[in-house]
Structures are given as C-alpha cells and as structure tokens.
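Peer 1: This is the content of final_10.cif (mmCIF, C-alpha atoms):
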```
data_model
loop_
_atom_site.label_atom_id
_atom_site.label_comp_id
_atom_site.auth_asym_id
_atom_site.auth_seq_id
_atom_site.Cartn_x
_atom_site.Cartn_y
_atom_site.Cartn_z
CA MET A 28 164.12 80.96 171.59
CA GLY A 29 167.19 81.67 173.60
CA LYS A 30 170.80 82.68 173.66
CA GLY A 31 171.87 79.24 172.42
CA LEU A 32 171.16 80.02 168.79
CA GLU A 33 174.32 81.31 167.17
CA LYS A 34 172.97 83.13 164.15
CA ALA A 35 169.63 84.51 163.01
CA VAL A 36 168.56 85.91 159.66
CA VAL A 37 166.10 88.78 160.02
CA LEU A 38 163.82 89.70 157.12
CA LEU A 39 163.95 93.47 157.43
CA SER A 40 161.67 95.41 155.11
CA GLY A 41 162.35 98.70 156.85
CA GLY A 42 158.88 98.79 158.38
CA MET A 43 157.92 98.97 162.02
CA ASP A 44 157.10 95.28 162.53
CA SER A 45 160.34 94.01 161.00
CA CYS A 46 162.32 96.62 162.93
CA VAL A 47 160.95 95.28 166.20
CA CYS A 48 161.81 91.76 164.99
CA ALA A 49 165.39 92.92 164.45
CA ALA A 50 165.42 94.27 167.99
CA GLU A 51 164.08 90.94 169.30
CA ALA A 52 166.70 89.00 167.34
CA ARG A 53 169.50 91.19 168.63
CA GLU A 54 168.23 90.68 172.18
CA ALA A 55 168.17 86.89 171.72
CA HIS A 56 171.30 86.35 169.62
CA GLY A 57 173.53 89.30 170.41
CA ALA A 58 174.90 91.99 168.15
CA ASP A 59 177.15 89.59 166.25
CA GLY A 60 174.49 86.93 165.87
CA VAL A 61 172.20 88.80 163.49
CA ALA A 62 172.25 88.96 159.69
CA LEU A 63 169.83 91.26 157.87
CA LEU A 64 168.02 90.38 154.65
CA HIS A 65 166.10 92.89 152.54
CA ALA A 66 164.03 92.07 149.47
CA SER A 67 163.01 94.74 146.99
CA TYR A 68 160.24 93.52 144.70
CA GLY A 69 159.27 96.41 142.47
CA GLN A 70 156.99 97.97 145.07
CA ARG A 71 156.13 101.66 144.81
CA THR A 72 158.29 102.64 147.77
CA GLN A 73 161.20 100.26 147.26
CA GLN A 74 163.88 102.98 147.35
CA ARG A 75 162.54 104.45 150.59
CA GLU A 76 162.22 101.02 152.19
CA ARG A 77 165.77 100.19 151.15
CA GLN A 78 166.88 103.44 152.79
CA ALA A 79 165.08 102.48 156.02
CA PHE A 80 166.70 99.03 155.93
CA ALA A 81 170.16 100.58 155.63
CA ALA A 82 169.50 103.07 158.43
CA ILE A 83 168.26 100.37 160.81
CA GLY A 84 171.23 98.17 159.94
CA ASP A 85 173.58 101.05 160.66
CA PHE A 86 171.78 101.78 163.95
CA TYR A 87 172.43 98.23 165.12
CA GLY A 88 175.90 98.04 163.59
CA VAL A 89 175.08 94.92 161.59
CA SER A 90 177.65 94.31 158.88
CA GLU A 91 176.28 91.04 157.54
CA ARG A 92 173.55 92.12 155.12
CA LEU A 93 172.03 90.80 151.92
CA VAL A 94 169.83 92.79 149.54
CA VAL A 95 167.97 90.95 146.78
CA GLN A 96 165.87 92.26 143.91
CA LEU A 97 162.80 90.18 143.05
CA ASP A 98 161.75 91.88 139.83
CA HIS A 99 159.28 89.19 138.83
CA PHE A 100 156.62 90.59 141.17
CA ARG A 101 156.28 93.69 139.01
CA ALA A 102 155.94 91.51 135.91
CA ILE A 103 153.38 89.30 137.62
CA GLY A 104 151.32 92.26 138.89
CA GLY A 105 148.02 91.71 140.66
CA SER A 106 148.78 94.12 143.51
CA ALA A 107 148.46 97.85 144.00
CA LEU A 108 151.95 97.82 145.49
CA THR A 109 153.60 96.56 142.29
CA ASP A 110 151.17 97.61 139.53
CA LYS A 111 150.75 101.37 139.09
CA ASN A 112 147.56 100.76 137.13
CA ILE A 113 145.93 99.59 140.39
CA ALA A 114 145.29 102.46 142.79
CA VAL A 115 146.39 102.25 146.41
CA PRO A 116 143.18 102.67 148.48
CA GLU A 117 142.98 105.82 150.58
CA ASN A 118 140.97 106.28 153.77
CA ALA A 119 139.82 102.65 153.63
CA LEU A 120 140.31 102.27 157.37
CA ALA A 121 137.85 105.08 158.05
CA ALA A 122 135.42 103.45 155.63
CA LYS A 123 135.58 100.16 157.56
CA GLN A 124 137.17 98.33 154.64
CA VAL A 125 140.48 97.18 156.08
CA HIS A 126 139.18 94.39 158.30
CA GLY A 127 136.53 93.05 155.94
CA SER A 128 136.52 89.54 154.51
CA ALA A 129 137.94 90.54 151.11
CA ILE A 130 141.69 90.44 150.62
CA PRO A 131 142.86 94.02 149.94
CA VAL A 132 144.36 95.03 146.60
CA THR A 133 147.64 95.79 148.40
CA TYR A 134 148.17 92.05 148.96
CA VAL A 135 151.10 90.84 146.83
CA PRO A 136 150.28 87.27 145.72
CA PHE A 137 152.19 84.75 147.85
CA ARG A 138 154.95 87.27 148.48
CA ASN A 139 156.15 86.00 151.84
CA ALA A 140 156.93 82.54 150.43
CA HIS A 141 159.44 84.16 148.09
CA PHE A 142 161.00 86.13 150.95
CA LEU A 143 161.21 83.06 153.16
CA SER A 144 162.74 80.98 150.38
CA VAL A 145 165.60 83.44 149.99
CA ALA A 146 166.00 83.60 153.78
CA VAL A 147 166.12 79.80 154.08
CA SER A 148 168.74 79.53 151.32
CA TRP A 149 170.92 82.15 152.99
CA ALA A 150 170.39 80.73 156.48
CA GLU A 151 171.31 77.21 155.37
CA ALA A 152 174.39 78.44 153.52
CA MET A 153 175.69 80.36 156.54
CA GLY A 154 174.59 77.84 159.16
CA ALA A 155 172.02 80.12 160.78
CA GLN A 156 169.38 78.44 162.91
CA ALA A 157 166.58 80.99 162.94
CA ILE A 158 164.69 83.26 160.55
CA TYR A 159 162.78 86.21 162.00
CA ILE A 160 159.86 87.67 160.08
CA GLY A 161 157.53 90.46 161.17
CA ALA A 162 154.21 88.93 160.19
CA VAL A 163 151.18 90.20 162.11
CA ALA A 164 148.03 88.08 162.08
CA GLU A 165 145.29 90.24 163.56
CA ASP A 166 145.90 93.99 163.64
CA SER A 167 147.04 94.24 160.02
CA SER A 168 145.62 94.46 156.52
CA GLY A 169 144.29 90.90 156.34
CA TYR A 170 146.98 89.27 154.22
CA PRO A 171 146.64 85.45 154.04
CA ASP A 172 150.41 84.88 154.18
CA CYS A 173 150.58 86.48 157.63
CA ARG A 174 148.60 83.76 159.43
CA PRO A 175 150.25 81.51 162.06
CA GLU A 176 149.18 78.35 160.21
CA TYR A 177 151.03 79.59 157.12
CA TYR A 178 154.30 79.67 159.07
CA ARG A 179 153.64 76.30 160.67
CA ALA A 180 153.22 74.85 157.18
CA PHE A 181 156.34 76.60 155.89
CA GLN A 182 158.29 75.22 158.84
CA GLU A 183 157.51 71.74 157.52
CA VAL A 184 158.62 72.77 154.03
CA ILE A 185 161.98 73.80 155.49
CA ARG A 186 162.32 70.47 157.28
CA LEU A 187 161.60 68.52 154.10
CA GLY A 188 163.56 70.70 151.69
CA THR A 189 166.90 71.21 153.43
CA ARG A 190 169.82 68.98 154.44
CA PRO A 191 168.98 66.49 157.20
CA GLU A 192 171.37 68.23 159.58
CA THR A 193 169.91 71.69 158.90
CA LYS A 194 167.82 73.05 161.75
CA ILE A 195 166.17 76.38 160.95
CA GLU A 196 163.29 77.75 163.00
CA ILE A 197 160.90 80.41 161.72
CA VAL A 198 160.41 82.98 164.47
CA THR A 199 157.37 85.30 164.38
CA PRO A 200 157.71 87.37 167.57
CA VAL A 201 154.98 89.90 166.77
CA ILE A 202 152.45 87.68 165.00
CA SER A 203 149.92 87.70 167.84
CA LEU A 204 150.38 91.34 168.86
CA LYS A 205 148.30 94.39 168.07
CA LYS A 206 150.15 97.20 166.35
CA SER A 207 150.04 99.29 169.52
CA GLU A 208 151.63 96.39 171.43
CA ILE A 209 154.35 96.14 168.80
CA ILE A 210 155.11 99.83 169.33
CA ARG A 211 155.31 99.36 173.09
CA ARG A 212 157.57 96.36 172.68
CA GLY A 213 159.78 98.29 170.28
CA ILE A 214 160.09 101.18 172.72
CA ALA A 215 160.99 98.76 175.51
CA LEU A 216 163.74 97.25 173.35
CA GLY A 217 165.02 100.65 172.20
CA ALA A 218 164.13 99.91 168.57
CA PRO A 219 164.69 102.86 166.19
CA LEU A 220 161.06 103.32 165.17
CA HIS A 221 161.93 106.81 163.92
CA LEU A 222 163.94 105.19 161.12
CA THR A 223 161.11 102.94 159.88
CA TRP A 224 158.88 103.44 156.85
CA SER A 225 155.34 102.10 156.50
CA CYS A 226 153.69 104.13 153.72
CA TYR A 227 152.53 102.23 150.64
CA GLN A 228 152.82 105.10 148.17
CA GLY A 229 154.98 107.99 149.38
CA GLU A 230 158.78 108.08 149.39
CA ASP A 231 159.45 111.67 150.44
CA THR A 232 156.72 112.09 153.04
CA ALA A 233 154.31 109.41 154.25
CA CYS A 234 150.89 109.94 152.71
CA GLY A 235 148.88 109.46 155.92
CA VAL A 236 145.88 108.00 154.09
CA CYS A 237 146.84 104.52 152.82
CA ASP A 238 145.93 101.47 154.91
CA SER A 239 149.45 101.08 156.26
CA CYS A 240 149.75 104.73 157.33
CA LEU A 241 146.33 104.66 158.97
CA LEU A 242 147.08 101.46 160.87
CA ARG A 243 150.36 102.92 162.05
CA LEU A 244 148.82 106.23 163.11
CA ARG A 245 146.03 104.47 164.97
CA ALA A 246 148.55 102.21 166.72
CA PHE A 247 150.63 105.14 167.97
CA GLU A 248 147.45 106.83 169.16
CA GLU A 249 146.36 103.69 171.03
CA ALA A 250 149.83 103.37 172.53
CA GLY A 251 149.58 106.95 173.77
CA MET A 252 152.65 108.03 171.83
CA LYS A 253 153.43 110.42 168.99
CA ASP A 254 154.57 108.90 165.73
CA PRO A 255 158.14 110.16 165.16
CA ILE A 256 157.74 110.43 161.37
CA SER A 257 155.84 113.17 159.51
CA TYR A 258 152.82 112.81 157.23
CA ARG A 259 151.53 114.72 154.23
CA GLN A 260 148.03 114.66 155.70
CA SER A 261 146.28 113.08 158.65
CA MET A 262 142.67 111.93 158.57
CA PRO A 263 140.32 111.12 161.46
CA LEU A 264 140.86 107.48 162.43
CA TYR A 265 138.19 104.81 162.50
CA ARG A 266 138.17 102.65 165.63
#
```
Reformat the file's structure so that it appears as structure tokens.
Peer 2:
Amino acid sequence: MGKGLEKAVVLLSGGMDSCVCAAEAREAHGADGVALLHASYGQRTQQRERQAFAAIGDFYGVSERLVVQLDHFRAIGGSALTDKNIAVPENALAAKQVHGSAIPVTYVPFRNAHFLSVAVSWAEAMGAQAIYIGAVAEDSSGYPDCRPEYYRAFQEVIRLGTRPETKIEIVTPVISLKKSEIIRRGIALGAPLHLTWSCYQGEDTACGVCDSCLLRLRAFEEAGMKDPISYRQSMPLYR
C-alpha cells in the first residue's frame, strides 16, 4: 500500500482493531482519502458501537461516512451477539475455552462477507481502490471469517464480480498481529483507543468478563499499558 491510492473505505465497527485500521488508512491515504463504513446488524451493543464509530469519525474529521443496518442477522440468529436466547459466555478465557477448536457462540455466521459486500459496492460506486478491515487471525476469538485465506478468496470474488476497470484491494493491516501489538501500533499512530468499544454485552460500562473484554484487558496488560476505558468487573486473566 502507498500514498498512490486516492480513496479507501474503512470498515469501522468502533472496536480497537478497526480503529487502528482507520489510523493506518489515514496514514496511507491522507485525511481526505478515507471514507468510513459502519454496519449495525442487530448485535447486543449496536447503539454503543455506533456511538464509538461516530466519535472516532469525529476525531479524524472524516465527513464521508455510511451507516447501514443489516437487520437480517437478528432474524437469522445462530449467534450470542444477535440472539438474546443464547448467553454470551463469561470468563471463558480463564477457563481456557477461547482458543479451543470449537467455534465460539459469539461467531455471527458468515458476517464479514456481508460487511465486505457492502464495502465493495460503496467502493466501486465512489471509485475507491482499497477496503480496510480489522480482521485478526491469531490473537482473537477463533472466527473462521478472520483468516488470511478468507480474504485472499474474497479478493478473487471482487475481481470476478466488479467492472473490468475496477481495482479494489482488501487491506488487512492487523491480521497477523497479536492484540498487544495492535495496541502498540495504535499508540504509535495516535489512534483514539479511548473512544473504542469492545464489549459484547454492555453498553453503559464494559462487562469485563466476556471474551472480547478479556482479550482486550489481557492485551493492554501484555503491552504494559492501562486500558483507558472502565469495566464493571475485572477477573484474573488466563495466559
């Protein structure tokens, strides 16, 4: 990637990984070369994530934004994030469950394909040449649509499914990083990590016990930094 790309669409959930992606995109494309895309999909914390998206967009002064509502995920179900009849696991990291072979119940079936499809449509319409997404392959919750090979395959889908003259590259700047490395990279870029939201189930105060909170807390600890957001409770972390 380089300064030659005129416009980039950044998928910005409001979480830490996507925030660092926004910082990377701004570094590569300049302040006027970034457009921010947010997808709400009926998740438990969609209002709080939307708030984080807006705050990060304001921080960077990005005026070109698109917010979409993908309500079908709640109707489809199959995930603890979209179905309130499925409990969000608590303290699973301490119980050595996060990095097991089973896909966690917080996985939303094939979610990132829907996000990328919207991003590709918008990017092609505006003439953007890059899409940034904050997928993390290793130090995450084990979601299958966060693997590098998934994005290589989707890159081919873009090539086959867009106009011949359309050139859009999927950029995954944090995919090979540990969470602690993402934090360090964000700090180096001046990313507003204090505005991000990672919790799977709390909208007022982060719960501190879901997988996402525990991974975030552990990452800040490993990075030797204090997490700038507050938590309802904090449990001992499994290493």
Peer 1: Given the file above and the PyMOL selection byres ((chain A and resi 92) around 8), which residues are selected, and can you give them as an MDAnalysis selection string?
Peer 2: chainID A and resid 62:65 89:91 93:94
Peer 1: Taking C-alpha atoms for each residue, export the selection above as a PDB file, in the frame of the given file.
Peer 2:
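The result, written out as again-v8.pdb:
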```
ATOM      1  CA  ALA A  62     172.250  88.960 159.690  1.00  0.00           C
ATOM      2  CA  LEU A  63     169.830  91.260 157.870  1.00  0.00           C
ATOM      3  CA  LEU A  64     168.020  90.380 154.650  1.00  0.00           C
ATOM      4  CA  HIS A  65     166.100  92.890 152.540  1.00  0.00           C
ATOM      5  CA  VAL A  89     175.080  94.920 161.590  1.00  0.00           C
ATOM      6  CA  SER A  90     177.650  94.310 158.880  1.00  0.00           C
ATOM      7  CA  GLU A  91     176.280  91.040 157.540  1.00  0.00           C
ATOM      8  CA  LEU A  93     172.030  90.800 151.920  1.00  0.00           C
ATOM      9  CA  VAL A  94     169.830  92.790 149.540  1.00  0.00           C
TER      10      VAL A  94
END
```
Peer 1: If you apply the PyMOL selection byres ((chain A and resi 75) around 9) to this file, what residues do you get, as a PyMOL selection string?
Peer 2: chain A and resi 41+72-74+76-80+224+229-231
Peer 1: From the list A:Tyr87, A:Leu204, A:Gly188, A:Pro131, which residue is nearest Glu117 of chain A when using only C-alpha atoms?
Peer 2: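 Going through A:Tyr87, A:Leu204, A:Gly188, A:Pro131 one by one, the smallest distance to Glu117 of chain A is for A:Pro131.
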Peer 1: Could you state the separation of atom CA of Ala81 of chain A and atom CA of Cys173 of chain A in Å, given to one decimal place?
Peer 2: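 Computing it gives 24.2 Å between the two atoms.
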Peer 1: List the residues matched by the PyMOL selection byres ((chain A and resi 209-216) around 8) in the displayed structure as a list in words, ordered by chain and then by residue number.
Peer 2: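 So the PyMOL selection byres ((chain A and resi 209-216) around 8) ends up selecting Met43, Asp44, Cys46, Val47, Ala50, Glu51, Val201, Leu204, Lys205, Lys206, Ser207, Glu208, Gly217, Ala218, Pro219, Leu220, Ala246, Phe247 and Ala250 of chain A.
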Peer 1: If we draw a sphere of 12 Å around (148.8, 94.1, 138.9), which residues have at least one atom in it when counting all atoms listed in the file? Please report them as a list in words.
Peer 2: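 Residues satisfying the cut-off, written out: Gly69, Gln70, His99, Phe100, Arg101, Ala102, Ile103, Gly104, Gly105, Ser106, Ala107, Leu108, Thr109, Asp110, Lys111, Asn112, Ile113, Ala114, Val115, Val132, Thr133, Tyr134, Val135 and Pro136 of chain A.
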Peer 1: When distances are computed from only C-alpha atoms, which of A:Leu39, A:Ala140, A:Cys226, A:Ala155 shows the smallest separation from Ala180 of chain A?
Peer 2: A:Ala140
Peer 1: Just checking: using all atoms listed in the file, which residue out of A:Ala66, A:Ile195, A:Ala233, A:Val145 ends up closest to Ile158 of chain A?
Peer 2: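 Among the listed residues, A:Ile195 lies closest to Ile158 of chain A.
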Peer 1: May I ask for the distance between atom CA of Leu38 of chain A and atom CA of Arg243 of chain A, given in Å to one decimal place?
Peer 2: 19.5 Å
Peer 1: Residues within 10 Å of (151.4, 114.0, 156.3), file coordinates, counting all atoms listed in the file: what are they? Give the list as an mmCIF file with C-alpha atoms, keeping the file's coordinate frame.
Peer 2:
```
data_model
loop_
_atom_site.group_PDB
_atom_site.id
_atom_site.type_symbol
_atom_site.label_atom_id
_atom_site.label_comp_id
_atom_site.auth_asym_id
_atom_site.auth_seq_id
_atom_site.Cartn_x
_atom_site.Cartn_y
_atom_site.Cartn_z
ATOM 1 C CA GLY A 229 154.980 107.990 149.380
ATOM 2 C CA THR A 232 156.720 112.090 153.040
ATOM 3 C CA ALA A 233 154.310 109.410 154.250
ATOM 4 C CA CYS A 234 150.890 109.940 152.710
ATOM 5 C CA GLY A 235 148.880 109.460 155.920
ATOM 6 C CA VAL A 236 145.880 108.000 154.090
ATOM 7 C CA CYS A 240 149.750 104.730 157.330
ATOM 8 C CA ILE A 256 157.740 110.430 161.370
ATOM 9 C CA SER A 257 155.840 113.170 159.510
ATOM 10 C CA TYR A 258 152.820 112.810 157.230
ATOM 11 C CA ARG A 259 151.530 114.720 154.230
ATOM 12 C CA GLN A 260 148.030 114.660 155.700
ATOM 13 C CA SER A 261 146.280 113.080 158.650
ATOM 14 C CA MET A 262 142.670 111.930 158.570
#
```
Peer 1: How many Å lie between atom CA of Asp172 of chain A and atom CA of Thr193 of chain A, rounded to one decimal?
Peer 2: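 A separation of 24.0 Å between them.
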Peer 1: For Glu151 of chain A, work out the shell of residues within 12 Å, counting all atoms listed in the file and skipping chain neighbours fewer than 6 positions away, then give it as a list in words.
Peer 2: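 After dropping sequence-adjacent residues, the list is Lys34, Ala35, Val36, Leu143, Ser144, Val145, Ala157, Ile158, Ile185, Arg186, Gly188, Thr189, Arg190, Pro191, Glu192, Thr193, Lys194, Ile195 and Glu196 of chain A.
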Peer 1: Compare A:Ala162, A:Leu187, A:Val147, A:Leu120 by their minimum atom-to-atom distance to Leu241 of chain A, counting only C-alpha atoms, and give me the closest one.
Peer 2: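 Among the listed residues, the smallest separation from Leu241 of chain A belongs to A:Leu120.
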Peer 1: Go through A:Gly60, A:Pro116, A:Gly84, A:Gly42 one by one, measure the shortest atom-to-atom distance of each to Gly161 of chain A using all atoms listed in the file, and give the residue with the smallest value.
Peer 2: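 Of A:Gly60, A:Pro116, A:Gly84, A:Gly42, the one nearest Gly161 of chain A, counting all atoms listed in the file, is A:Gly42.
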Peer 1: Would you list the contacts of Gly57 of chain A as a list in words, taking every protein, DNA or RNA residue within 9 Å and counting only C-alpha atoms, but skipping same-chain residues closer than 3 positions in sequence?
Peer 2: Lys30, Glu33, Lys34, Ala52, Arg53, Glu54, Gly60 and Val61 of chain A
Peer 1: Okay, now the selection with C-alpha atoms, as a PDB file, keeping the file's coordinate frame?
Peer 2:
```pdb
ATOM      1  CA  LYS A  30     170.800  82.680 173.660  1.00  0.00           C
ATOM      2  CA  GLU A  33     174.320  81.310 167.170  1.00  0.00           C
ATOM      3  CA  LYS A  34     172.970  83.130 164.150  1.00  0.00           C
ATOM      4  CA  ALA A  52     166.700  89.000 167.340  1.00  0.00           C
ATOM      5  CA  ARG A  53     169.500  91.190 168.630  1.00  0.00           C
ATOM      6  CA  GLU A  54     168.230  90.680 172.180  1.00  0.00           C
ATOM      7  CA  GLY A  60     174.490  86.930 165.870  1.00  0.00           C
ATOM      8  CA  VAL A  61     172.200  88.800 163.490  1.00  0.00           C
TER       9      VAL A  61
END
```
Peer 1: For Pro200 of chain A, which residue out of A:Tyr68, A:Tyr178, A:Phe142, A:Phe86 is the nearest one, using only C-alpha atoms?
Peer 2: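 Distance minimum relative to Pro200 of chain A lands on A:Tyr178.
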Peer 1: Please put the answer as AutoDock Vina command-line options: centre and edge lengths, in Å with one decimal, of a box along x, y and z that encloses all listed atoms of segment 242-257 of chain A plus 3 Å on each side.
Peer 2:
```
--center_x 152.1 --center_y 107.3 --center_z 166.6 --size_x 18.1 --size_y 17.7 --size_z 20.3
```
Peer 1: As an mmCIF file, keeping the file's coordinate frame, could you write out segment 166-183 of chain A once it has been completed with N, CA and C atoms?
Peer 2:
```
data_model
loop_
_atom_site.group_PDB
_atom_site.id
_atom_site.type_symbol
_atom_site.label_atom_id
_atom_site.label_comp_id
_atom_site.auth_asym_id
_atom_site.auth_seq_id
_atom_site.Cartn_x
_atom_site.Cartn_y
_atom_site.Cartn_z
ATOM 1 N N ASP A 166 146.023 92.543 163.811
ATOM 2 C CA ASP A 166 145.900 93.990 163.640
ATOM 3 C C ASP A 166 146.702 94.443 162.424
ATOM 4 N N SER A 167 146.309 93.928 161.251
ATOM 5 C CA SER A 167 147.040 94.240 160.020
ATOM 6 C C SER A 167 146.045 94.371 158.889
ATOM 7 N N SER A 168 146.492 94.227 157.667
ATOM 8 C CA SER A 168 145.620 94.460 156.520
ATOM 9 C C SER A 168 144.912 93.201 156.015
ATOM 10 N N GLY A 169 145.012 92.098 156.732
ATOM 11 C CA GLY A 169 144.290 90.900 156.340
ATOM 12 C C GLY A 169 144.946 90.066 155.274
ATOM 13 N N TYR A 170 146.275 90.040 155.234
ATOM 14 C CA TYR A 170 146.980 89.270 154.220
ATOM 15 C C TYR A 170 147.012 87.784 154.608
ATOM 16 N N PRO A 171 146.679 86.872 153.689
ATOM 17 C CA PRO A 171 146.640 85.450 154.040
ATOM 18 C C PRO A 171 147.991 84.847 154.387
ATOM 19 N N ASP A 172 149.093 85.435 153.870
ATOM 20 C CA ASP A 172 150.410 84.880 154.180
ATOM 21 C C ASP A 172 151.017 85.501 155.444
ATOM 22 N N CYS A 173 150.142 85.999 156.321
ATOM 23 C CA CYS A 173 150.580 86.480 157.630
ATOM 24 C C CYS A 173 149.955 85.668 158.769
ATOM 25 N N ARG A 174 149.293 84.569 158.422
ATOM 26 C CA ARG A 174 148.600 83.760 159.430
ATOM 27 C C ARG A 174 149.562 82.761 160.082
ATOM 28 N N PRO A 175 149.370 82.469 161.379
ATOM 29 C CA PRO A 175 150.250 81.510 162.060
ATOM 30 C C PRO A 175 150.312 80.162 161.374
ATOM 31 N N GLU A 176 149.175 79.660 160.847
ATOM 32 C CA GLU A 176 149.180 78.350 160.210
ATOM 33 C C GLU A 176 150.033 78.322 158.949
ATOM 34 N N TYR A 177 150.167 79.476 158.305
ATOM 35 C CA TYR A 177 151.030 79.590 157.120
ATOM 36 C C TYR A 177 152.479 79.303 157.507
ATOM 37 N N TYR A 178 152.910 79.852 158.636
ATOM 38 C CA TYR A 178 154.300 79.670 159.070
ATOM 39 C C TYR A 178 154.529 78.278 159.638
ATOM 40 N N ARG A 179 153.509 77.691 160.230
ATOM 41 C CA ARG A 179 153.640 76.300 160.670
ATOM 42 C C ARG A 179 153.834 75.384 159.457
ATOM 43 N N ALA A 180 153.075 75.653 158.397
ATOM 44 C CA ALA A 180 153.220 74.850 157.180
ATOM 45 C C ALA A 180 154.585 75.067 156.528
ATOM 46 N N PHE A 181 155.048 76.310 156.511
ATOM 47 C CA PHE A 181 156.340 76.600 155.890
ATOM 48 C C PHE A 181 157.477 75.982 156.696
ATOM 49 N N GLN A 182 157.289 75.869 157.998
ATOM 50 C CA GLN A 182 158.290 75.220 158.840
ATOM 51 C C GLN A 182 158.500 73.773 158.390
ATOM 52 N N GLU A 183 157.408 73.115 158.009
ATOM 53 C CA GLU A 183 157.510 71.740 157.520
ATOM 54 C C GLU A 183 158.187 71.695 156.158
#
```
